[in-house]
$ cat upload.cif   # mmCIF, C-alpha atoms
data_target
loop_
_atom_site.group_PDB
_atom_site.id
_atom_site.type_symbol
_atom_site.label_atom_id
_atom_site.label_comp_id
_atom_site.auth_asym_id
_atom_site.auth_seq_id
_atom_site.Cartn_x
_atom_site.Cartn_y
_atom_site.Cartn_z
ATOM 1 C CA ASP A 1 140.811 63.163 71.872
ATOM 2 C CA SER A 2 142.974 66.289 71.505
ATOM 3 C CA GLY A 3 140.065 68.697 71.880
ATOM 4 C CA VAL A 4 140.727 70.204 68.441
ATOM 5 C CA THR A 5 137.891 69.687 65.971
ATOM 6 C CA GLN A 6 138.344 69.706 62.220
ATOM 7 C CA THR A 7 135.614 69.429 59.619
ATOM 8 C CA PRO A 8 135.064 67.853 57.236
ATOM 9 C CA LYS A 9 137.123 64.673 57.665
ATOM 10 C CA HIS A 10 137.097 63.953 53.964
ATOM 11 C CA LEU A 11 136.603 66.195 50.974
ATOM 12 C CA ILE A 12 136.526 65.174 47.326
ATOM 13 C CA THR A 13 136.377 67.875 44.703
ATOM 14 C CA ALA A 14 137.458 68.725 41.186
ATOM 15 C CA THR A 15 140.262 70.857 39.817
ATOM 16 C CA GLY A 16 139.474 74.546 39.697
ATOM 17 C CA GLN A 17 137.076 74.384 42.617
ATOM 18 C CA ARG A 18 137.223 76.148 45.982
ATOM 19 C CA VAL A 19 136.870 74.539 49.411
ATOM 20 C CA THR A 20 136.831 75.681 53.016
ATOM 21 C CA LEU A 21 138.299 73.694 55.872
ATOM 22 C CA ARG A 22 137.218 74.475 59.400
ATOM 23 C CA CYS A 23 139.001 74.179 62.727
ATOM 24 C CA SER A 24 137.860 74.719 66.309
ATOM 25 C CA PRO A 25 140.761 74.937 68.760
ATOM 26 C CA ARG A 26 140.853 73.530 72.274
ATOM 27 C CA SER A 27 139.016 75.595 74.819
ATOM 28 C CA GLY A 28 141.342 78.360 76.019
ATOM 29 C CA ASP A 29 143.896 78.051 73.217
ATOM 30 C CA LEU A 30 144.405 81.320 71.347
ATOM 31 C CA SER A 31 146.815 80.082 68.670
ATOM 32 C CA VAL A 32 145.802 78.105 65.605
ATOM 33 C CA TYR A 33 148.265 76.567 63.159
ATOM 34 C CA TRP A 34 147.604 75.067 59.733
ATOM 35 C CA TYR A 35 149.800 72.367 58.174
ATOM 36 C CA GLN A 36 149.748 70.458 54.913
ATOM 37 C CA GLN A 37 150.951 66.852 54.747
ATOM 38 C CA SER A 38 151.263 65.170 51.373
ATOM 39 C CA LEU A 39 151.589 61.390 51.081
ATOM 40 C CA ASP A 40 154.599 60.130 53.032
ATOM 41 C CA GLN A 41 155.817 63.682 53.510
ATOM 42 C CA GLY A 42 156.470 65.893 56.478
ATOM 43 C CA LEU A 43 154.278 68.599 57.888
ATOM 44 C CA GLN A 44 154.547 71.791 55.868
ATOM 45 C CA PHE A 45 153.724 74.890 57.873
ATOM 46 C CA LEU A 46 151.157 77.092 56.152
ATOM 47 C CA ILE A 47 150.039 79.818 58.519
ATOM 48 C CA GLN A 48 149.464 80.668 62.178
ATOM 49 C CA TYR A 49 146.983 82.932 63.943
ATOM 50 C CA TYR A 50 146.926 84.236 67.470
ATOM 51 C CA ASN A 51 143.733 85.671 68.912
ATOM 52 C CA GLY A 52 142.425 86.672 65.507
ATOM 53 C CA GLU A 53 145.645 88.067 64.069
ATOM 54 C CA GLU A 54 148.016 86.482 61.584
ATOM 55 C CA ARG A 55 151.341 85.880 63.345
ATOM 56 C CA ALA A 56 153.446 83.694 61.059
ATOM 57 C CA LYS A 57 153.333 82.603 57.469
ATOM 58 C CA GLY A 58 155.004 79.662 55.800
ATOM 59 C CA ASN A 59 155.125 78.647 52.159
ATOM 60 C CA ILE A 60 151.428 79.201 51.686
ATOM 61 C CA LEU A 61 150.292 79.567 48.106
ATOM 62 C CA GLU A 62 148.518 82.745 47.013
ATOM 63 C CA ARG A 63 145.518 80.556 46.125
ATOM 64 C CA PHE A 64 145.235 79.688 49.824
ATOM 65 C CA SER A 65 144.002 82.001 52.521
ATOM 66 C CA ALA A 66 142.946 81.696 56.132
ATOM 67 C CA GLN A 67 141.412 83.631 58.961
ATOM 68 C CA GLN A 68 140.624 83.301 62.630
ATOM 69 C CA PHE A 69 137.273 84.547 63.848
ATOM 70 C CA PRO A 70 136.349 86.272 67.147
ATOM 71 C CA ASP A 71 135.200 82.942 68.600
ATOM 72 C CA LEU A 72 138.730 81.667 67.770
ATOM 73 C CA HIS A 73 137.695 79.082 65.216
ATOM 74 C CA SER A 74 139.668 79.228 61.998
ATOM 75 C CA GLU A 75 139.011 78.522 58.347
ATOM 76 C CA LEU A 76 141.451 77.644 55.586
ATOM 77 C CA ASN A 77 140.252 78.510 52.100
ATOM 78 C CA LEU A 78 141.764 76.739 49.114
ATOM 79 C CA SER A 79 140.834 78.010 45.664
ATOM 80 C CA SER A 80 141.578 77.166 42.030
ATOM 81 C CA LEU A 81 142.417 73.696 43.249
ATOM 82 C CA GLU A 82 145.027 71.618 41.455
ATOM 83 C CA LEU A 83 145.757 67.892 41.584
ATOM 84 C CA GLY A 84 148.871 68.632 43.647
ATOM 85 C CA ASP A 85 146.790 70.168 46.414
ATOM 86 C CA SER A 86 145.561 66.710 47.355
ATOM 87 C CA ALA A 87 146.864 66.194 50.865
ATOM 88 C CA LEU A 88 146.001 65.857 54.522
ATOM 89 C CA TYR A 89 145.451 69.253 56.103
ATOM 90 C CA PHE A 90 145.940 69.530 59.839
ATOM 91 C CA CYS A 91 144.953 72.222 62.229
ATOM 92 C CA ALA A 92 146.627 72.509 65.629
ATOM 93 C CA SER A 93 146.180 74.776 68.612
ATOM 94 C CA SER A 94 148.356 75.811 71.506
ATOM 95 C CA VAL A 95 148.386 78.051 74.544
ATOM 96 C CA GLY A 96 151.951 79.295 74.673
ATOM 97 C CA GLN A 97 154.817 79.807 72.272
ATOM 98 C CA GLY A 98 154.130 76.652 70.287
ATOM 99 C CA GLU A 99 156.068 74.285 72.524
ATOM 100 C CA LYS A 100 153.126 71.884 72.633
ATOM 101 C CA LEU A 101 150.643 71.636 69.794
ATOM 102 C CA PHE A 102 147.393 69.724 69.899
ATOM 103 C CA PHE A 103 146.366 68.449 66.496
ATOM 104 C CA GLY A 104 142.954 67.818 65.060
ATOM 105 C CA SER A 105 142.288 64.599 63.168
ATOM 106 C CA GLY A 106 142.813 66.336 59.841
ATOM 107 C CA THR A 107 140.904 66.862 56.610
ATOM 108 C CA GLN A 108 141.806 64.537 53.757
ATOM 109 C CA LEU A 109 141.422 66.540 50.561
ATOM 110 C CA SER A 110 141.282 64.729 47.249
ATOM 111 C CA VAL A 111 141.305 66.807 44.074
ATOM 112 C CA LEU A 112 140.239 64.811 41.026
ATOM 113 C CA GLY B 1 164.644 80.506 57.703
ATOM 114 C CA GLN B 2 164.344 77.285 59.607
ATOM 115 C CA SER B 3 165.456 73.788 58.641
ATOM 116 C CA LEU B 4 165.588 70.534 60.537
ATOM 117 C CA GLU B 5 167.298 67.282 59.648
ATOM 118 C CA GLN B 6 166.510 63.825 60.943
ATOM 119 C CA PRO B 7 167.098 60.336 59.569
ATOM 120 C CA SER B 8 164.377 59.136 57.219
ATOM 121 C CA GLU B 9 164.129 55.585 58.548
ATOM 122 C CA VAL B 10 165.254 53.589 61.563
ATOM 123 C CA THR B 11 164.713 49.906 62.338
ATOM 124 C CA ALA B 12 165.061 48.473 65.830
ATOM 125 C CA VAL B 13 164.241 45.271 67.662
ATOM 126 C CA GLU B 14 161.426 44.953 70.166
ATOM 127 C CA GLY B 15 162.706 45.539 73.685
ATOM 128 C CA ALA B 16 165.746 47.476 72.505
ATOM 129 C CA ILE B 17 166.631 51.176 72.745
ATOM 130 C CA VAL B 18 166.623 53.540 69.770
ATOM 131 C CA GLN B 19 167.801 57.132 69.411
ATOM 132 C CA ILE B 20 166.454 59.516 66.769
ATOM 133 C CA ASN B 21 168.605 62.565 66.166
ATOM 134 C CA CYS B 22 167.582 66.012 65.028
ATOM 135 C CA THR B 23 169.773 68.910 63.997
ATOM 136 C CA TYR B 24 168.327 72.297 63.284
ATOM 137 C CA GLN B 25 169.088 75.729 61.892
ATOM 138 C CA THR B 26 166.773 78.477 62.905
ATOM 139 C CA SER B 27 166.473 82.197 63.361
ATOM 140 C CA GLY B 28 164.967 82.583 66.800
ATOM 141 C CA PHE B 29 164.663 79.540 69.037
ATOM 142 C CA TYR B 30 162.449 78.768 71.986
ATOM 143 C CA GLY B 31 162.645 75.014 72.131
ATOM 144 C CA LEU B 32 162.539 71.598 70.499
ATOM 145 C CA SER B 33 159.495 69.353 70.585
ATOM 146 C CA TRP B 34 158.876 65.773 69.510
ATOM 147 C CA TYR B 35 155.728 64.269 68.039
ATOM 148 C CA GLN B 36 154.591 60.768 67.150
ATOM 149 C CA GLN B 37 152.363 60.030 64.185
ATOM 150 C CA HIS B 38 150.916 56.638 63.347
ATOM 151 C CA ASP B 39 149.887 55.940 59.760
ATOM 152 C CA GLY B 40 146.644 57.722 58.993
ATOM 153 C CA GLY B 41 146.606 59.467 62.345
ATOM 154 C CA ALA B 42 147.307 62.923 63.715
ATOM 155 C CA PRO B 43 150.604 63.908 65.300
ATOM 156 C CA THR B 44 150.594 63.663 69.085
ATOM 157 C CA PHE B 45 152.919 65.507 71.406
ATOM 158 C CA LEU B 46 155.644 63.487 73.156
ATOM 159 C CA SER B 47 158.155 65.832 74.716
ATOM 160 C CA TYR B 48 159.540 69.360 74.852
ATOM 161 C CA ASN B 49 162.968 70.764 75.693
ATOM 162 C CA GLY B 50 163.307 74.482 76.301
ATOM 163 C CA LEU B 51 166.590 74.193 78.159
ATOM 164 C CA ASP B 52 169.684 72.077 77.651
ATOM 165 C CA GLY B 53 169.569 68.626 79.121
ATOM 166 C CA LEU B 54 167.439 65.553 79.357
ATOM 167 C CA GLU B 55 163.684 65.352 79.858
ATOM 168 C CA GLU B 56 162.213 61.980 80.776
ATOM 169 C CA THR B 57 158.625 60.878 80.311
ATOM 170 C CA GLY B 58 158.160 57.195 80.949
ATOM 171 C CA ARG B 59 159.878 55.139 78.247
ATOM 172 C CA PHE B 60 160.610 58.261 76.227
ATOM 173 C CA SER B 61 163.381 60.781 76.894
ATOM 174 C CA SER B 62 164.436 63.839 74.929
ATOM 175 C CA PHE B 63 167.690 65.750 74.962
ATOM 176 C CA LEU B 64 168.670 69.210 73.808
ATOM 177 C CA SER B 65 171.989 70.977 73.279
ATOM 178 C CA ARG B 66 171.335 74.561 72.238
ATOM 179 C CA SER B 67 175.002 75.270 71.592
ATOM 180 C CA ASP B 68 175.150 72.365 69.122
ATOM 181 C CA SER B 69 171.678 72.995 67.642
ATOM 182 C CA TYR B 70 171.042 69.322 68.272
ATOM 183 C CA GLY B 71 168.562 67.152 70.028
ATOM 184 C CA TYR B 72 167.458 63.548 70.173
ATOM 185 C CA LEU B 73 164.552 61.387 71.183
ATOM 186 C CA LEU B 74 165.352 58.186 73.057
ATOM 187 C CA LEU B 75 162.844 55.363 73.123
ATOM 188 C CA GLN B 76 163.475 52.552 75.580
ATOM 189 C CA GLU B 77 161.963 49.085 75.919
ATOM 190 C CA LEU B 78 160.619 49.320 72.396
ATOM 191 C CA GLN B 79 157.189 47.882 71.731
ATOM 192 C CA MET B 80 155.574 46.986 68.425
ATOM 193 C CA LYS B 81 153.104 49.833 68.913
ATOM 194 C CA ASP B 82 156.020 52.295 68.820
ATOM 195 C CA SER B 83 156.240 51.724 65.059
ATOM 196 C CA ALA B 84 155.338 55.167 63.753
ATOM 197 C CA SER B 85 156.842 58.336 62.342
ATOM 198 C CA TYR B 86 158.577 60.688 64.736
ATOM 199 C CA PHE B 87 158.974 64.385 64.064
ATOM 200 C CA CYS B 88 161.117 66.982 65.745
ATOM 201 C CA ALA B 89 159.805 70.527 65.679
ATOM 202 C CA VAL B 90 161.342 73.883 66.451
ATOM 203 C CA SER B 91 159.335 76.669 68.001
ATOM 204 C CA GLY B 92 161.068 79.826 66.907
ATOM 205 C CA GLY B 93 160.486 83.486 66.429
ATOM 206 C CA TYR B 94 156.947 84.828 66.143
ATOM 207 C CA GLN B 95 155.544 81.509 67.393
ATOM 208 C CA LYS B 96 156.300 79.763 64.111
ATOM 209 C CA VAL B 97 156.594 76.007 64.584
ATOM 210 C CA THR B 98 158.563 74.169 61.912
ATOM 211 C CA PHE B 99 158.639 70.391 61.666
ATOM 212 C CA GLY B 100 161.400 68.115 60.473
ATOM 213 C CA THR B 101 160.857 65.657 57.643
ATOM 214 C CA GLY B 102 160.161 62.833 60.046
ATOM 215 C CA THR B 103 161.789 59.519 60.935
ATOM 216 C CA LYS B 104 159.898 56.341 60.221
ATOM 217 C CA LEU B 105 160.593 53.849 62.989
ATOM 218 C CA GLN B 106 159.987 50.184 62.344
ATOM 219 C CA VAL B 107 160.061 47.903 65.358
ATOM 220 C CA ILE B 108 160.684 44.265 64.472
ATOM 221 C CA PRO B 109 160.153 41.183 66.649
#

$ encode --input "upload.cif" --output "structure tokens"
Amino acid sequence: DSGVTQTPKHLITATGQRVTLRCSPRSGDLSVYWYQQSLDQGLQFLIQYYNGEERAKGNILERFSAQQFPDLHSELNLSSLELGDSALYFCASSVGQGEKLFFGSGTQLSVL
Amino acid sequence: GQSLEQPSEVTAVEGAIVQINCTYQTSGFYGLSWYQQHDGGAPTFLSYNGLDGLEETGRFSSFLSRSDSYGYLLLQELQMKDSASYFCAVSGGYQKVTFGTGTKLQVIP
């Protein structure tokens, strides 16, 4: 158990809909990272927060947004969903400069 | 930007040694990490190199050459359970962590 909690584990929805994925980092970790992993693909960096502030942004679509709350949990919002958004979404947390990330078990999103 | 290259697939025999290479291009560099991911699972941290040289953790070792923008993961005494995907990752400027495309390791009897 990495100590990072992601909910829900599975999400099935339709095109055009909006969903929210939730992540609770390990106790004491201030940084939260979001990654997207499509089938048999690598981990695509989406966005990173540190202590409530956005610190780094990857190739995140404008339809996607995220935030980190004062209690350090984070939410990733995906809207106007398309079939291609079907993927495994991982959240990770770390203490330092990102040398060691702890991953949650992921949210499997299926857009039908 | 940041980019990392690693072989897509490697096959090795149980009990043998395998090396997975990673070359990177990045603006801002703190270090190179390695992660293991089994099918359907989450990535788990294996090793980190912030300085040049070799880091050893049990059967796994990792090497970094900053001047060559190159690193590798060495797995010794391969076991069937080592069959997984292995990712290198660069922690660079502004705490951004970029992952390579992953190397799928198949260990055969």

$ interface_residues --input "upload.cif" --of "chain B" --to "chain A" --cutoff "6 Å" --atoms "all atoms listed in the file" --output "MDAnalysis selection string"
chainID B and resid 42 91 95:96 101:102

$ closest_residue --input "upload.cif" --among "A:Gln68, A:Gln36, A:Asn51, A:Thr107" --to "Thr98 (chain B)" --atoms "only C-alpha atoms"
A:Gln36

$ atom_distance --input "upload.cif" --atom1 "CA of Val107 (chain B)" --atom2 "CA of Asn21 (chain B)"
17.0 Å

$ resolve_selection --input "upload.cif" --expression "the PyMOL selection byres ((chain A and resi 65) around 9)" --output "list in words"
Ile47, Ile60, Leu61, Glu62, Arg63, Phe64, Ala66, Gln67, Glu75, Leu76, Asn77, Leu78 and Ser79 of chain A

$ write_last_selection --input "upload.cif" --atoms "C-alpha atoms" --output "compact mmCIF listing (two decimals), in the coordinates of the input"
# COMPACT_ATOMS: atom_id res chain seq x y z
CA ILE A 47 150.04 79.82 58.52
CA ILE A 60 151.43 79.20 51.69
CA LEU A 61 150.29 79.57 48.11
CA GLU A 62 148.52 82.74 47.01
CA ARG A 63 145.52 80.56 46.12
CA PHE A 64 145.24 79.69 49.82
CA ALA A 66 142.95 81.70 56.13
CA GLN A 67 141.41 83.63 58.96
CA GLU A 75 139.01 78.52 58.35
CA LEU A 76 141.45 77.64 55.59
CA ASN A 77 140.25 78.51 52.10
CA LEU A 78 141.76 76.74 49.11
CA SER A 79 140.83 78.01 45.66

$ residues_around --input "upload.cif" --residues "Tyr24 (chain B)" --least-positions-apart "5" --cutoff "7 Å" --atoms "only C-alpha atoms" --output "VMD selection string"
chain B and resid 3 to 5 69 to 70

$ closest_residue --input "upload.cif" --among "B:Ser65, B:Val18, B:Tyr86, B:Glu9" --to "Leu46 (chain B)" --atoms "all atoms listed in the file"
B:Tyr86

$ atom_distance --input "upload.cif" --atom1 "CA of Pro7 (chain B)" --atom2 "CA of Gln19 (chain B)"
10.4 Å

$ atom_distance --input "upload.cif" --atom1 "CA of Leu105 (chain B)" --atom2 "CA of Met80 (chain B)"
10.1 Å

$ residues_around --input "upload.cif" --residues "region 11-15 of chain A" --least-positions-apart "5" --cutoff "9 Å" --atoms "only C-alpha atoms" --output "number ranges by chain"
A: 80-83, 107-112

$ closest_residue --input "upload.cif" --among "A:Gln17, A:Leu39, A:Arg26, A:Ser86" --to "Asp71 (chain A)" --atoms "all atoms listed in the file"
A:Arg26
